Amino acid sequence: MTATPPDAPVIETRDLRKEFVVRVRAGRFRRAKRVVGAVDGIDLTVRRGEMVGYIGPNGAGKSTTLKMLTGVLSPSSGRVRVCGLAPVAQRTRLALRIGVVFGQRSQLWWDLPLRDSFDLLRHVYRVPAAEHAARLRRCRAELDLDGFLDVPVRQLSLGQRMRGELTAALLHGPEVLFLDEPTIGLDVVSRQAVRGFLAELGAAGDTTLVLTTHDLADIERLCRRLVVIDHGRVVHDGSIEALHTRYGSRRQVVADLDEPLAEPPVLPGAPLLRTEADGRRLVFACESATASDVVAGLARVAALRDIAIVEPDIEEVVARLYRTPTPVDSGAVQECSITSTAKVPGASAS
Amino acid sequence: MAEWTYRLRRGPAYLALLRGQARSQASYRTSFVVDLVSNVGATVLDVLTVLVLFRVTRELGGFDRTEAMVMVGLSSAAFAAADLMVGNVESLRQYVRTGLLDAVLVRPLGALPQLLLMDLPLRKASRAVFGAGVLVVALATAELAWTPGRVALAVLTPLAGVVFFGAIFVATASLSFWWIDSGEVGAAFTYGGRDFTTYPMTVYSGWFRALFAYGMGFGFVSYYPALALLGRADPLGLPGWVGWVAPGVALPAAGLAAAVWRFGVRHYRSTGS
Ligand SMILES: Nc1ncnc2c1ncn2[C@@H]1O[C@H](COP(=O)(O)OP(=O)(O)OP(=O)(O)O)[C@@H](O)[C@H]1O
Ligand SMILES: [Mg+2]
């Protein structure tokens with residue numbers, strides 16, 4: 001085994017690109033070639049134990065990136081290393097060290113019970129029996145597999161199968177786990193089971209996780225680091241808080257008053273976003289002021305009936321990010337226009 | 001770790017795939033027996049066609065029935081065994097079209113062996129047994145003058161034939177990495193090649209014979225070895241040792257097919273969803 005030094009990046013890409021040549025109809029019989037840059041120069045460094053949420057709008061290039069990281073697709077150009085290996089050239093070696101769940105592509109034997117698939121995978125990955133049994137026991141308990149271990153995979157529901165897929169990806173104790181939309185189609189309970197399980201895995205600290213999803217609650221729960229891509233490029237790489245700061249999404253204080261005020265109050269560092277309910281409800285954004293500053297300031301000028309503090313909504317921030325053409329780093333003009341457009345839906349809803 | 005020991009250690013993994021396939025098929029047990037029986041059909045038909053031909057003619061391309069049957073035997077034994085083991089590489093087209101190959105490529109095993117073992121058509125086993133049977137009967141009835149050399153040739157040739165047909169299967173199936181609708185073209189070479197090797201190639205002529213017999217090498221897996229076994233000179237004028245070159249054609253063909261396959265896997269583009 002090629003041991004990687006403990007602090008070496010587990011995943012490293014430099015200017016990674018993938019182009020697809022697609023043929024499109026051009027006239028009745030002619031077909032024109034068109035080049036689609038699915039992944040268009042991605043630099044990514046992920047260290048051991050990190051849990052990375054890899055998100056982006058439909059067609060952004062998430063799955064394509066994951067396929068290049070797992071050795072399924074050869075990059076058009078650029079450099080990739082995963083666990084110190086070249087994914088395509090050293091595909092089978094790498095496969096022993098990573099776990100993969102592609103929502104749509106099953107790793108399980110369609111006609112066999114889950115139990116049999118797990119047993120066969122033990123041989124495929126050459127896992128010592130005791131280790132395998134221990135991991136399986138844990139998955140059975142946490143993902144609640146016992147009810148359908150003996151049912152042929154073709155008869156499982158989507159959610160049951162996905163829990164099976166996740167188990168299948170973990171039985172060989174992978175160093176890195178790539179999950180492409182692992183919670184798609186799961187009900188609330190299964191979703192929570194999967195999230196809880198992954199969170200625990202992440203907390204142990206030696207499994208690196210890269211997760212794509214359209215359910216941002218997955219990310220909030222699991223990933224400290226968020227990589228957002230659009231049109232094959234990274235548009236954000238950092239914590240969720242950093243994203244909120246960058247796009248000016250703040251905590252909001254919603255104050256219900258007994259009586260509307262004649263003059264809207266001016267609080268330093270907390271602009272009034274909107275007034276609702278004939279002036280009985282005021283919504284402030286906590287920019288430089290803290291929530292308690294806002295509450296204290298308000299209490300001085302008005303009689304308060306109720307106070308609510310609303311956390312910034314990740315969906316909203318991400319939606320803004322997706323709508324932005326190409327974010328300009330530290331672009332003040334950009335940020336203003338985003339904030340103003342984002343207010344529109346909130347204002348019209350009242 | 002040396003590459004070969006690394007590969008050797010995958011043996012049990014491949015056995016597991018085979019076990020999975022056997023168990024999956026056993027879950028449809030009733031149809032399996034029917035499949036076994038009905039699958040002999042196609043090969044029986046090939047043999048019957050040749051036998052029926054000899055009802056209307058005494059010779060075929062200058063060979064009598066027992067002689068022609070040696071060629072039929074060499075061809076059907078090799079083809080049926082290759083078809084059993086490698087024939088379902090044709091399903092690659094489905095894997096590429098649907099993107100299912102993704103799941104194959106993330107496992108720590110070679111893509112080709114996985115594909116072959118995962119849906120190994122065990123029902124075709126009856127065909128392979130029948131094909132080998134035809135060869136044994138044909139050799140027995142041809143009243144050959146057996147020498148140690150000829151015994152070796154009679155064993156070596158069908159084995160080389162299996163490798164050769166297997167290579168054709170893999171090479172033609174690999175086309176679907178670039179061109180998904182390549183099925184008919186592939187069949188032209190695999191099944192076309194089998195038909196070509198079934199008859200004495202003296203019945204064909206011109207560029208067609210040159211292409212299949214020498215260009216692609218089909219002449220060296222049944223026709224020429226049969227001549228050597230029968231102790232006959234080649235009416236087309238090649239020397240006697242040509243009857244022995246089957247392994248020399250099969251191994252490079254296998255190497256070439258493996259290279260095409262590997263090149264193809266790198267061109268795999270998966271699907272968007
Ligand atoms: N096999 C392919 N052939 C041609 N184009 C492809 C192929 N796979 C992906 N693409 C194109 O590449 C781009 C990125 O696709 P990709 O599947 O990586 O997106 P994604 O971010 O996973 O989207 P989603 O959220 O919808 O899953 C898309 O424009 C898609 O049309
Ligand atoms: Mg995707």
# chains A, B, ... in the order shown; residues from 1 in each chain; ligands from 1
$ interface_residues --of "chain A" --to "chain B" --cutoff "10 Å" --atoms "only C-alpha atoms" --output "PyMOL selection string"
chain A and resi 1+18-21+38+59+61+63-64+67+70-75+87-113+116-117+119-126+152
$ write_last_selection --atoms "C-alpha atoms" --output "PDB file, in the first residue's frame"
ATOM      1  CA  MET A   1       0.000   0.000   0.000  1.00  0.00           C
ATOM      2  CA  LYS A  18     -13.708  17.789 -19.032  1.00  0.00           C
ATOM      3  CA  GLU A  19     -15.151  18.582 -22.395  1.00  0.00           C
ATOM      4  CA  PHE A  20     -17.847  16.598 -24.106  1.00  0.00           C
ATOM      5  CA  VAL A  21     -18.275  16.714 -27.829  1.00  0.00           C
ATOM      6  CA  ALA A  38     -18.778  20.329 -18.357  1.00  0.00           C
ATOM      7  CA  GLY A  59     -25.733  20.703 -15.190  1.00  0.00           C
ATOM      8  CA  GLY A  61     -20.614  19.643 -13.549  1.00  0.00           C
ATOM      9  CA  SER A  63     -21.346  14.448 -11.280  1.00  0.00           C
ATOM     10  CA  THR A  64     -18.746  14.878 -13.998  1.00  0.00           C
ATOM     11  CA  LYS A  67     -16.604  10.676 -12.099  1.00  0.00           C
ATOM     12  CA  THR A  70     -13.261   8.111  -9.038  1.00  0.00           C
ATOM     13  CA  GLY A  71     -11.544   7.060 -12.273  1.00  0.00           C
ATOM     14  CA  VAL A  72     -14.713   6.577 -14.302  1.00  0.00           C
ATOM     15  CA  LEU A  73     -13.987   9.409 -16.738  1.00  0.00           C
ATOM     16  CA  SER A  74     -10.626  10.535 -18.058  1.00  0.00           C
ATOM     17  CA  PRO A  75     -10.135  14.280 -17.718  1.00  0.00           C
ATOM     18  CA  PRO A  87      -7.728   7.835 -10.693  1.00  0.00           C
ATOM     19  CA  VAL A  88      -7.889   6.533 -14.268  1.00  0.00           C
ATOM     20  CA  ALA A  89      -4.449   4.978 -14.566  1.00  0.00           C
ATOM     21  CA  GLN A  90      -4.604   3.408 -11.099  1.00  0.00           C
ATOM     22  CA  ARG A  91      -8.321   2.847 -11.042  1.00  0.00           C
ATOM     23  CA  THR A  92      -8.466  -0.542  -9.360  1.00  0.00           C
ATOM     24  CA  ARG A  93      -5.992   0.393  -6.625  1.00  0.00           C
ATOM     25  CA  LEU A  94      -7.912   3.547  -5.896  1.00  0.00           C
ATOM     26  CA  ALA A  95     -11.207   1.663  -5.853  1.00  0.00           C
ATOM     27  CA  LEU A  96     -10.037  -0.318  -2.824  1.00  0.00           C
ATOM     28  CA  ARG A  97      -9.604   2.911  -0.893  1.00  0.00           C
ATOM     29  CA  ILE A  98     -12.706   4.852  -1.836  1.00  0.00           C
ATOM     30  CA  GLY A  99     -16.423   4.279  -1.494  1.00  0.00           C
ATOM     31  CA  VAL A 100     -18.826   5.547  -4.111  1.00  0.00           C
ATOM     32  CA  VAL A 101     -22.566   6.016  -4.215  1.00  0.00           C
ATOM     33  CA  PHE A 102     -23.926   7.311  -7.490  1.00  0.00           C
ATOM     34  CA  GLY A 103     -27.632   7.619  -6.787  1.00  0.00           C
ATOM     35  CA  GLN A 104     -28.664   6.121 -10.109  1.00  0.00           C
ATOM     36  CA  ARG A 105     -26.077   3.343 -10.501  1.00  0.00           C
ATOM     37  CA  SER A 106     -26.483   0.393  -8.226  1.00  0.00           C
ATOM     38  CA  GLN A 107     -23.573  -1.540  -6.763  1.00  0.00           C
ATOM     39  CA  LEU A 108     -25.934  -4.283  -5.638  1.00  0.00           C
ATOM     40  CA  TRP A 109     -26.911  -7.541  -7.298  1.00  0.00           C
ATOM     41  CA  TRP A 110     -30.358  -6.920  -8.668  1.00  0.00           C
ATOM     42  CA  ASP A 111     -31.717 -10.436  -8.213  1.00  0.00           C
ATOM     43  CA  LEU A 112     -30.089 -11.240  -4.884  1.00  0.00           C
ATOM     44  CA  PRO A 113     -31.010 -10.270  -1.338  1.00  0.00           C
ATOM     45  CA  ASP A 116     -25.865 -11.770  -0.434  1.00  0.00           C
ATOM     46  CA  SER A 117     -24.653  -8.600  -2.113  1.00  0.00           C
ATOM     47  CA  ASP A 119     -21.277 -10.997   1.292  1.00  0.00           C
ATOM     48  CA  LEU A 120     -20.098 -10.912  -2.324  1.00  0.00           C
ATOM     49  CA  LEU A 121     -18.675  -7.430  -1.850  1.00  0.00           C
ATOM     50  CA  ARG A 122     -16.564  -8.733   0.986  1.00  0.00           C
ATOM     51  CA  HIS A 123     -14.753 -10.919  -1.530  1.00  0.00           C
ATOM     52  CA  VAL A 124     -14.663  -8.256  -4.211  1.00  0.00           C
ATOM     53  CA  TYR A 125     -12.906  -5.856  -1.830  1.00  0.00           C
ATOM     54  CA  ARG A 126     -10.994  -8.610   0.019  1.00  0.00           C
ATOM     55  CA  PRO A 152     -34.067  -9.252  -3.428  1.00  0.00           C
TER      56      PRO A 152
END
$ select_by_dssp --residues "stretch 38-269 of chain B" --states "alpha helix (DSSP H)" --output "number ranges by chain"
B: 38-56, 65-86, 92-98, 101-105, 111-118, 125-141, 148-174, 183-198, 206-209, 223-230, 246-266
$ write_last_selection --atoms "C-alpha atoms" --output "short mmCIF file (atom, residue, chain, number, x, y, z; two decimals), in the first residue's frame"
data_model
loop_
_atom_site.label_atom_id
_atom_site.label_comp_id
_atom_site.auth_asym_id
_atom_site.auth_seq_id
_atom_site.Cartn_x
_atom_site.Cartn_y
_atom_site.Cartn_z
CA SER B 38 -33.17 -24.33 -26.44
CA ASN B 39 -29.69 -22.90 -26.65
CA VAL B 40 -28.28 -26.01 -28.29
CA GLY B 41 -30.61 -25.24 -31.18
CA ALA B 42 -28.51 -22.69 -33.01
CA THR B 43 -25.38 -24.85 -33.04
CA VAL B 44 -27.29 -27.95 -34.07
CA LEU B 45 -28.65 -25.98 -36.98
CA ASP B 46 -25.16 -25.05 -38.18
CA VAL B 47 -24.14 -28.69 -38.24
CA LEU B 48 -27.37 -29.77 -39.91
CA THR B 49 -26.91 -27.16 -42.64
CA VAL B 50 -23.59 -28.69 -43.58
CA LEU B 51 -24.94 -32.24 -43.43
CA VAL B 52 -27.92 -31.28 -45.62
CA LEU B 53 -25.56 -29.70 -48.14
CA PHE B 54 -23.88 -33.08 -48.52
CA ARG B 55 -27.20 -34.66 -49.40
CA VAL B 56 -27.12 -32.69 -52.65
CA ARG B 65 -18.25 -34.88 -45.85
CA THR B 66 -15.96 -36.30 -43.19
CA GLU B 67 -13.25 -33.80 -44.09
CA ALA B 68 -15.62 -30.86 -44.04
CA MET B 69 -16.96 -32.05 -40.69
CA VAL B 70 -13.49 -31.66 -39.15
CA MET B 71 -13.65 -27.98 -40.08
CA VAL B 72 -17.20 -27.71 -38.76
CA GLY B 73 -16.05 -29.33 -35.52
CA LEU B 74 -13.02 -27.07 -35.04
CA SER B 75 -15.14 -24.03 -35.78
CA SER B 76 -18.15 -24.85 -33.63
CA ALA B 77 -16.11 -26.11 -30.67
CA ALA B 78 -14.07 -22.90 -30.62
CA PHE B 79 -16.91 -20.53 -31.35
CA ALA B 80 -19.39 -22.02 -28.89
CA ALA B 81 -16.84 -21.99 -26.06
CA ALA B 82 -15.80 -18.41 -26.87
CA ASP B 83 -19.43 -17.40 -27.09
CA LEU B 84 -20.08 -18.91 -23.66
CA MET B 85 -17.15 -17.18 -22.03
CA VAL B 86 -16.79 -13.92 -23.93
CA LEU B 92 -21.20 -3.60 -23.27
CA ARG B 93 -23.35 -1.59 -25.65
CA GLN B 94 -26.11 -1.54 -23.05
CA TYR B 95 -23.70 -0.60 -20.28
CA VAL B 96 -22.30 2.27 -22.31
CA ARG B 97 -25.65 3.53 -23.51
CA THR B 98 -27.19 3.60 -20.04
CA LEU B 101 -20.48 0.99 -16.75
CA ASP B 102 -19.88 3.65 -14.06
CA ALA B 103 -20.78 1.09 -11.43
CA VAL B 104 -18.38 -1.44 -12.97
CA LEU B 105 -15.53 1.05 -13.09
CA ALA B 111 -13.77 -3.94 -16.21
CA LEU B 112 -13.70 -6.68 -18.85
CA PRO B 113 -13.62 -9.68 -16.50
CA GLN B 114 -16.38 -8.11 -14.44
CA LEU B 115 -18.56 -7.62 -17.45
CA LEU B 116 -17.97 -11.20 -18.56
CA LEU B 117 -18.58 -12.76 -15.17
CA MET B 118 -21.47 -10.60 -14.08
CA ALA B 125 -22.98 -24.10 -21.63
CA SER B 126 -25.05 -26.66 -23.52
CA ARG B 127 -23.89 -25.17 -26.78
CA ALA B 128 -20.26 -25.35 -25.82
CA VAL B 129 -20.63 -28.99 -24.83
CA PHE B 130 -22.38 -29.74 -28.09
CA GLY B 131 -19.70 -27.91 -30.10
CA ALA B 132 -16.95 -29.92 -28.43
CA GLY B 133 -18.98 -33.07 -29.09
CA VAL B 134 -19.16 -32.31 -32.79
CA LEU B 135 -15.39 -31.94 -32.91
CA VAL B 136 -14.79 -35.25 -31.13
CA VAL B 137 -17.19 -37.13 -33.42
CA ALA B 138 -15.78 -35.45 -36.52
CA LEU B 139 -12.21 -36.36 -35.55
CA ALA B 140 -13.25 -39.93 -34.77
CA THR B 141 -15.09 -40.49 -38.04
CA PRO B 148 1.73 -37.21 -31.38
CA GLY B 149 2.00 -34.02 -33.40
CA ARG B 150 -1.54 -34.30 -34.67
CA VAL B 151 -2.88 -35.06 -31.21
CA ALA B 152 -1.21 -31.89 -29.98
CA LEU B 153 -2.61 -29.98 -32.93
CA ALA B 154 -6.13 -31.31 -32.31
CA VAL B 155 -5.95 -30.05 -28.72
CA LEU B 156 -4.14 -26.78 -29.35
CA THR B 157 -6.20 -25.56 -32.28
CA PRO B 158 -9.61 -25.36 -30.58
CA LEU B 159 -7.98 -23.61 -27.60
CA ALA B 160 -6.37 -21.08 -29.91
CA GLY B 161 -9.72 -20.80 -31.67
CA VAL B 162 -11.44 -19.89 -28.42
CA VAL B 163 -8.87 -17.18 -27.78
CA PHE B 164 -9.17 -15.94 -31.34
CA PHE B 165 -12.96 -15.75 -31.38
CA GLY B 166 -12.87 -14.21 -27.93
CA ALA B 167 -10.56 -11.50 -29.26
CA ILE B 168 -12.94 -10.81 -32.14
CA PHE B 169 -15.85 -10.54 -29.69
CA VAL B 170 -13.95 -8.09 -27.48
CA ALA B 171 -12.56 -5.99 -30.31
CA THR B 172 -15.90 -5.60 -32.07
CA ALA B 173 -17.78 -4.95 -28.83
CA SER B 174 -15.25 -2.23 -27.98
CA GLY B 183 -24.04 -3.88 -33.06
CA GLU B 184 -24.64 -4.93 -36.65
CA VAL B 185 -21.06 -4.29 -37.64
CA GLY B 186 -19.85 -6.34 -34.70
CA ALA B 187 -22.15 -9.22 -35.64
CA ALA B 188 -20.84 -9.15 -39.21
CA PHE B 189 -17.39 -10.00 -37.91
CA THR B 190 -18.24 -12.41 -35.10
CA TYR B 191 -21.06 -14.42 -36.64
CA GLY B 192 -19.71 -13.76 -40.13
CA GLY B 193 -16.39 -15.14 -38.99
CA ARG B 194 -18.01 -18.22 -37.52
CA ASP B 195 -19.86 -18.91 -40.76
CA PHE B 196 -16.66 -18.38 -42.68
CA THR B 197 -14.78 -20.93 -40.59
CA THR B 198 -17.60 -23.49 -40.78
CA GLY B 206 -11.83 -13.14 -54.24
CA TRP B 207 -11.29 -10.24 -51.87
CA PHE B 208 -13.86 -11.58 -49.43
CA ARG B 209 -11.86 -14.75 -48.87
CA TYR B 223 -9.33 -24.54 -42.43
CA TYR B 224 -5.55 -24.79 -42.27
CA PRO B 225 -5.40 -26.83 -39.06
CA ALA B 226 -7.95 -29.22 -40.59
CA LEU B 227 -5.74 -29.67 -43.64
CA ALA B 228 -2.80 -30.48 -41.38
CA LEU B 229 -4.86 -32.98 -39.38
CA LEU B 230 -6.18 -34.59 -42.56
CA ALA B 246 -3.40 -20.82 -34.95
CA PRO B 247 -1.82 -19.90 -31.56
CA GLY B 248 0.50 -17.49 -33.36
CA VAL B 249 -2.55 -15.72 -34.75
CA ALA B 250 -4.72 -15.98 -31.65
CA LEU B 251 -2.28 -14.49 -29.16
CA PRO B 252 -1.51 -11.29 -31.08
CA ALA B 253 -5.23 -10.98 -31.78
CA ALA B 254 -5.92 -11.19 -28.05
CA GLY B 255 -3.24 -8.59 -27.37
CA LEU B 256 -4.70 -6.29 -29.97
CA ALA B 257 -8.22 -6.75 -28.62
CA ALA B 258 -7.03 -5.96 -25.10
CA ALA B 259 -5.36 -2.79 -26.35
CA VAL B 260 -8.51 -1.69 -28.18
CA TRP B 261 -10.51 -2.39 -25.04
CA ARG B 262 -8.22 -0.38 -22.80
CA PHE B 263 -8.20 2.47 -25.25
CA GLY B 264 -11.99 2.28 -25.39
CA VAL B 265 -12.43 2.41 -21.61
CA ARG B 266 -10.48 5.67 -21.58
#
$ closest_residue --among "B:Met216, B:Trp178, B:Trp241, B:Arg7" --to "ligand 1" --atoms "only C-alpha atoms and all ligand atoms"
B:Trp178
$ atom_distance --atom1 "atom CA of A:Ala270" --atom2 "atom CA of A:Ala296"
12.0 Å
$ closest_residue --among "A:Gly202, A:Pro268, A:Pro57, A:Gly41" --to "ligand 2" --atoms "only C-alpha atoms and all ligand atoms"
A:Pro57
$ residues_around --residues "stretch 297-300 of chain A" --least-positions-apart "4" --cutoff "8 Å" --atoms "only C-alpha atoms" --output "list in words"
Pro265, Leu267, Asp293 and Leu304 of chain A
$ residues_around --residues "stretch 79-82 of chain A" --least-positions-apart "2" --cutoff "6 Å" --atoms "only C-alpha atoms" --output "list in words"
Val10, Ile11, Glu12, Thr13, Arg14, Leu16, Gly84, Leu85 and Ala86 of chain A
$ closest_residue --among "B:Phe177, B:Phe218, B:Phe32, B:Phe63" --to "ligand 1" --atoms "only C-alpha atoms and all ligand atoms"
B:Phe177
$ residues_around --residues "A:Phe197" --least-positions-apart "5" --cutoff "12 Å" --atoms "only C-alpha atoms" --output "list in words"
Arg138, Cys139, Arg140, Ala141, Glu142, Leu143, Asp144, Arg163, Leu166, Thr167, Leu170, Ser190, Arg191, Gln192, Gly202, Ala203, Ala204, Asp218, Arg221 and Leu222 of chain A
$ write_last_selection --atoms "N, CA, C and O atoms" --output "PDB file, in the first residue's frame"
ATOM      1  N   ARG A 138     -22.797  -2.421  12.336  1.00  0.00           N
ATOM      2  CA  ARG A 138     -23.040  -1.021  12.619  1.00  0.00           C
ATOM      3  C   ARG A 138     -24.034  -0.409  11.622  1.00  0.00           C
ATOM      4  O   ARG A 138     -24.978   0.290  12.003  1.00  0.00           O
ATOM      5  N   CYS A 139     -23.840  -0.699  10.355  1.00  0.00           N
ATOM      6  CA  CYS A 139     -24.748  -0.160   9.341  1.00  0.00           C
ATOM      7  C   CYS A 139     -26.156  -0.679   9.545  1.00  0.00           C
ATOM      8  O   CYS A 139     -27.135   0.052   9.385  1.00  0.00           O
ATOM      9  N   ARG A 140     -26.261  -1.963   9.881  1.00  0.00           N
ATOM     10  CA  ARG A 140     -27.589  -2.547  10.086  1.00  0.00           C
ATOM     11  C   ARG A 140     -28.332  -1.809  11.177  1.00  0.00           C
ATOM     12  O   ARG A 140     -29.515  -1.504  11.044  1.00  0.00           O
ATOM     13  N   ALA A 141     -27.599  -1.506  12.234  1.00  0.00           N
ATOM     14  CA  ALA A 141     -28.252  -0.835  13.352  1.00  0.00           C
ATOM     15  C   ALA A 141     -28.614   0.603  12.983  1.00  0.00           C
ATOM     16  O   ALA A 141     -29.744   1.038  13.180  1.00  0.00           O
ATOM     17  N   GLU A 142     -27.656   1.331  12.419  1.00  0.00           N
ATOM     18  CA  GLU A 142     -27.878   2.762  12.228  1.00  0.00           C
ATOM     19  C   GLU A 142     -28.747   3.078  11.025  1.00  0.00           C
ATOM     20  O   GLU A 142     -29.443   4.085  11.005  1.00  0.00           O
ATOM     21  N   LEU A 143     -28.675   2.250  10.008  1.00  0.00           N
ATOM     22  CA  LEU A 143     -29.479   2.525   8.826  1.00  0.00           C
ATOM     23  C   LEU A 143     -30.735   1.660   8.800  1.00  0.00           C
ATOM     24  O   LEU A 143     -31.475   1.663   7.820  1.00  0.00           O
ATOM     25  N   ASP A 144     -30.902   0.888   9.856  1.00  0.00           N
ATOM     26  CA  ASP A 144     -32.142   0.153  10.034  1.00  0.00           C
ATOM     27  C   ASP A 144     -32.419  -0.785   8.861  1.00  0.00           C
ATOM     28  O   ASP A 144     -33.452  -0.705   8.210  1.00  0.00           O
ATOM     29  N   ARG A 163     -30.170   3.016   1.197  1.00  0.00           N
ATOM     30  CA  ARG A 163     -29.497   2.670   2.449  1.00  0.00           C
ATOM     31  C   ARG A 163     -28.595   1.467   2.231  1.00  0.00           C
ATOM     32  O   ARG A 163     -27.503   1.383   2.802  1.00  0.00           O
ATOM     33  N   LEU A 166     -25.445   2.678   0.425  1.00  0.00           N
ATOM     34  CA  LEU A 166     -24.534   3.359   1.340  1.00  0.00           C
ATOM     35  C   LEU A 166     -23.737   2.333   2.144  1.00  0.00           C
ATOM     36  O   LEU A 166     -22.519   2.449   2.307  1.00  0.00           O
ATOM     37  N   THR A 167     -24.427   1.319   2.614  1.00  0.00           N
ATOM     38  CA  THR A 167     -23.743   0.250   3.333  1.00  0.00           C
ATOM     39  C   THR A 167     -22.699  -0.409   2.437  1.00  0.00           C
ATOM     40  O   THR A 167     -21.551  -0.616   2.842  1.00  0.00           O
ATOM     41  N   LEU A 170     -19.508   1.303   2.185  1.00  0.00           N
ATOM     42  CA  LEU A 170     -18.741   1.499   3.417  1.00  0.00           C
ATOM     43  C   LEU A 170     -18.100   0.240   3.963  1.00  0.00           C
ATOM     44  O   LEU A 170     -17.245   0.301   4.841  1.00  0.00           O
ATOM     45  N   SER A 190     -35.686   8.319   6.791  1.00  0.00           N
ATOM     46  CA  SER A 190     -34.485   7.727   6.200  1.00  0.00           C
ATOM     47  C   SER A 190     -33.417   8.792   6.007  1.00  0.00           C
ATOM     48  O   SER A 190     -32.231   8.572   6.219  1.00  0.00           O
ATOM     49  N   ARG A 191     -33.861   9.960   5.585  1.00  0.00           N
ATOM     50  CA  ARG A 191     -32.958  11.068   5.361  1.00  0.00           C
ATOM     51  C   ARG A 191     -32.204  11.400   6.641  1.00  0.00           C
ATOM     52  O   ARG A 191     -31.006  11.605   6.637  1.00  0.00           O
ATOM     53  N   GLN A 192     -32.958  11.434   7.736  1.00  0.00           N
ATOM     54  CA  GLN A 192     -32.314  11.749   9.002  1.00  0.00           C
ATOM     55  C   GLN A 192     -31.377  10.634   9.427  1.00  0.00           C
ATOM     56  O   GLN A 192     -30.299  10.888   9.956  1.00  0.00           O
ATOM     57  N   GLY A 202     -18.237  11.288   9.973  1.00  0.00           N
ATOM     58  CA  GLY A 202     -17.381  12.461   9.845  1.00  0.00           C
ATOM     59  C   GLY A 202     -16.758  12.847  11.170  1.00  0.00           C
ATOM     60  O   GLY A 202     -15.600  13.260  11.222  1.00  0.00           O
ATOM     61  N   ALA A 203     -17.527  12.677  12.236  1.00  0.00           N
ATOM     62  CA  ALA A 203     -17.030  13.071  13.551  1.00  0.00           C
ATOM     63  C   ALA A 203     -15.844  12.210  13.959  1.00  0.00           C
ATOM     64  O   ALA A 203     -14.941  12.665  14.659  1.00  0.00           O
ATOM     65  N   ALA A 204     -15.834  10.962  13.527  1.00  0.00           N
ATOM     66  CA  ALA A 204     -14.722  10.072  13.860  1.00  0.00           C
ATOM     67  C   ALA A 204     -13.423  10.620  13.280  1.00  0.00           C
ATOM     68  O   ALA A 204     -12.347  10.370  13.809  1.00  0.00           O
ATOM     69  N   ASP A 218     -28.917  18.819   4.015  1.00  0.00           N
ATOM     70  CA  ASP A 218     -27.830  17.831   4.120  1.00  0.00           C
ATOM     71  C   ASP A 218     -26.524  18.549   4.421  1.00  0.00           C
ATOM     72  O   ASP A 218     -25.750  18.143   5.292  1.00  0.00           O
ATOM     73  N   ARG A 221     -26.249  20.237   7.822  1.00  0.00           N
ATOM     74  CA  ARG A 221     -26.069  19.271   8.884  1.00  0.00           C
ATOM     75  C   ARG A 221     -24.664  18.674   8.876  1.00  0.00           C
ATOM     76  O   ARG A 221     -24.089  18.421   9.912  1.00  0.00           O
ATOM     77  N   LEU A 222     -24.122  18.466   7.676  1.00  0.00           N
ATOM     78  CA  LEU A 222     -22.922  17.635   7.577  1.00  0.00           C
ATOM     79  C   LEU A 222     -21.633  18.367   7.260  1.00  0.00           C
ATOM     80  O   LEU A 222     -20.566  17.959   7.714  1.00  0.00           O
TER      81      LEU A 222
END
$ residues_around --residues "A:Val295" --least-positions-apart "2" --cutoff "12 Å" --atoms "only C-alpha atoms" --output "PyMOL selection string"
chain A and resi 252-257+265+267+270+282-286+289-293+297-309
$ closest_residue --among "A:Ala134, A:Ile229, A:Met51, A:Ile219" --to "ligand 1" --atoms "only C-alpha atoms and all ligand atoms"
A:Ile229
